[in-house]
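**Student:** Below you'll find the structure I mean.
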Amino acid sequence: MSRADRRRAYAMGLVVALGLVGCRRAAEAVDVDVDEVEEVARRTGEHVAAGLETARDKVAEAGGDLRDAAERSSQPAPIDAADALAREARTAIVCPSVGQCTITQTYLARLRANPGFVARQGRAVAYRPDGRPSGLEISALESLPMQLGFRDGDVIRTINGLLVDAVTTAPQLYVQLESARRFVVVYERAGERLVCEIDVV
């Protein structure tokens, strides 16, 4: 540890000691013993210096510096469940060809148990080319729908023959499709009609 670092650690210890000892003694209306404060400051400074040294060693082992670590620690921690679901999708969903996918029954059950994760996978608004809703336009897509082959701007028309014409129909669709083993999604992209078949395995 450099001499400047030691001085900073000592100063930090002094501030802490003055805060603790000085306030306590002032409250007791007793004069502060400068020697005692300096001793507490020295010991506190040594603890701070040792902590900084340990932190530097750990950060160096991880291949960074303290500033990088401080920036990373100020970032919000990722949501573990969402991260796990996103990672699991890579193996639970397989699309051997365009428009043909499989999803494991276990993973589908986990998605159904985590509607918040599914809801954050994109936005859907009623598609109204002639004033009447005739599908849902999807956008701001995350990894899950993109892995199934969907893209921003696609318009979902039907799922298993059931018209998807408003966000409010989603609960009814969920009930009707809850036990489905295959999902046939008819959608449009740039005016072209496409089909995605998703089998539960």
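Identifiers for the structure tokens are assigned positionally: chains receive A, B, ... in sequence, residues are indexed from 1 per chain, and ligands are indexed from 1 in the order shown.
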Please provide as a tab-separated table (two decimals) with C-alpha atoms, in the first residue's frame all residues within 12 Å of A:Glu188, with the sequence filter that same-chain residues fewer than 2 positions apart are discarded (counting only C-alpha atoms).

**Tutor:**
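The resulting out.tsv:
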```
chain	number	residue	atom	x	y	z
A	127	TYR	CA	-53.33	-3.45	-34.74
A	134	SER	CA	-57.44	-7.24	-36.32
A	135	GLY	CA	-54.40	-8.48	-34.44
A	136	LEU	CA	-51.69	-7.48	-32.00
A	137	GLU	CA	-48.59	-5.66	-33.16
A	138	ILE	CA	-45.56	-6.65	-31.11
A	150	PHE	CA	-40.68	-13.19	-34.00
A	151	ARG	CA	-39.43	-9.66	-34.79
A	152	ASP	CA	-40.43	-6.11	-33.86
A	153	GLY	CA	-43.40	-5.03	-35.98
A	154	ASP	CA	-44.87	-8.52	-36.49
A	155	VAL	CA	-48.67	-8.64	-36.20
A	156	ILE	CA	-50.07	-11.69	-34.43
A	157	ARG	CA	-53.39	-12.63	-36.07
A	158	THR	CA	-54.44	-15.96	-34.56
A	185	VAL	CA	-49.36	-18.82	-34.49
A	186	VAL	CA	-50.42	-17.04	-37.67
A	190	ALA	CA	-44.36	-6.60	-43.86
A	191	GLY	CA	-47.66	-7.78	-45.38
A	192	GLU	CA	-46.54	-11.42	-45.71
A	193	ARG	CA	-48.53	-14.14	-43.92
A	194	LEU	CA	-46.30	-16.44	-41.84
A	195	VAL	CA	-46.89	-19.38	-39.50
A	196	CYS	CA	-44.95	-20.50	-36.45
```

**Student:** Just list the residues in stretch 69-131 of chain A DSSP gives helix (DSSP H, G or I) on the backbone, as number ranges by chain.

**Tutor:** A: 69-74, 80-92, 105-113, 115-119

**Student:** Pick from A:Asp80, A:Phe183, A:Asp130, A:Gly122: nearest to A:Ser143, with only C-alpha atoms counted?

**Tutor:**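 Going through A:Asp80, A:Phe183, A:Asp130, A:Gly122 one by one, the smallest distance to A:Ser143 is for A:Gly122.
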
**Student:** As an exercise, work out the distance from atom CA of A:Pro115 to atom CA of A:Ala166 in Å and give it to one decimal place.

**Tutor:**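 The value is 18.0 Å.
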
**Student:** So how far away is atom CA of A:Gln172 from atom CA of A:Arg132, in Å?

**Tutor:**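 For atom CA of A:Arg132 relative to atom CA of A:Gln172, the distance reads 19.5 Å.
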
**Student:** Can you tell me which residues surround A:Val200 at a distance of at most 8 Å, considering only C-alpha atoms, apart from same-chain residues fewer than 5 positions away, and format the answer as a PyMOL selection string?

**Tutor:** chain A and resi 102-105+108+181-182

**Student:** Give me the residues within 8 Å of A:Ala86 as an mmCIF file with N, CA and C atoms, in the first residue's frame, counting only C-alpha atoms and dropping any in the same chain fewer than 4 places off.

**Tutor:**
```cif
data_model
loop_
_atom_site.group_PDB
_atom_site.id
_atom_site.type_symbol
_atom_site.label_atom_id
_atom_site.label_comp_id
_atom_site.auth_asym_id
_atom_site.auth_seq_id
_atom_site.Cartn_x
_atom_site.Cartn_y
_atom_site.Cartn_z
ATOM 1 N N ALA A 82 -35.438 -14.039 -13.493
ATOM 2 C CA ALA A 82 -35.527 -13.661 -14.906
ATOM 3 C C ALA A 82 -34.285 -14.111 -15.657
ATOM 4 N N ARG A 90 -32.474 -21.020 -23.782
ATOM 5 C CA ARG A 90 -31.515 -21.401 -24.832
ATOM 6 C C ARG A 90 -31.524 -22.893 -25.113
ATOM 7 N N SER A 143 -35.378 -11.508 -25.633
ATOM 8 C CA SER A 143 -34.805 -12.715 -26.209
ATOM 9 C C SER A 143 -35.798 -13.848 -26.453
ATOM 10 N N LEU A 144 -36.760 -14.035 -25.570
ATOM 11 C CA LEU A 144 -37.658 -15.191 -25.687
ATOM 12 C C LEU A 144 -38.466 -15.192 -26.990
#
```

**Student:** Find the residue from A:Ala140, A:Ile93, A:Met146, A:Val175 that sits nearest to A:Tyr107; use only C-alpha atoms when measuring.

**Tutor:** A:Ile93

**Student:** Do a neighbour search on A:Ser97 at 12 Å with only C-alpha atoms, toss out local chain neighbours closer than 6 positions, and write the hits as a tab-separated table (two decimals) with N, CA and C atoms, in the first residue's frame.

**Tutor:**
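After the write, part.tsv holds the following:
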```
chain	number	residue	atom	x	y	z
A	147	GLN	N	-36.22	-15.64	-30.01
A	147	GLN	CA	-35.72	-17.00	-30.18
A	147	GLN	C	-36.75	-17.86	-30.93
A	148	LEU	N	-38.02	-17.55	-30.76
A	148	LEU	CA	-39.08	-18.26	-31.47
A	148	LEU	C	-39.24	-17.77	-32.91
A	149	GLY	N	-38.49	-16.72	-33.27
A	149	GLY	CA	-38.52	-16.25	-34.64
A	149	GLY	C	-39.30	-14.97	-34.87
A	195	VAL	N	-46.38	-18.47	-40.54
A	195	VAL	CA	-46.89	-19.38	-39.50
A	195	VAL	C	-45.73	-19.88	-38.66
A	196	CYS	N	-45.93	-19.91	-37.35
A	196	CYS	CA	-44.95	-20.50	-36.45
A	196	CYS	C	-45.66	-21.59	-35.66
A	197	GLU	N	-45.16	-22.81	-35.76
A	197	GLU	CA	-45.73	-23.94	-35.02
A	197	GLU	C	-44.80	-24.29	-33.87
A	198	ILE	N	-45.34	-24.30	-32.65
A	198	ILE	CA	-44.56	-24.56	-31.45
A	198	ILE	C	-45.14	-25.80	-30.77
```
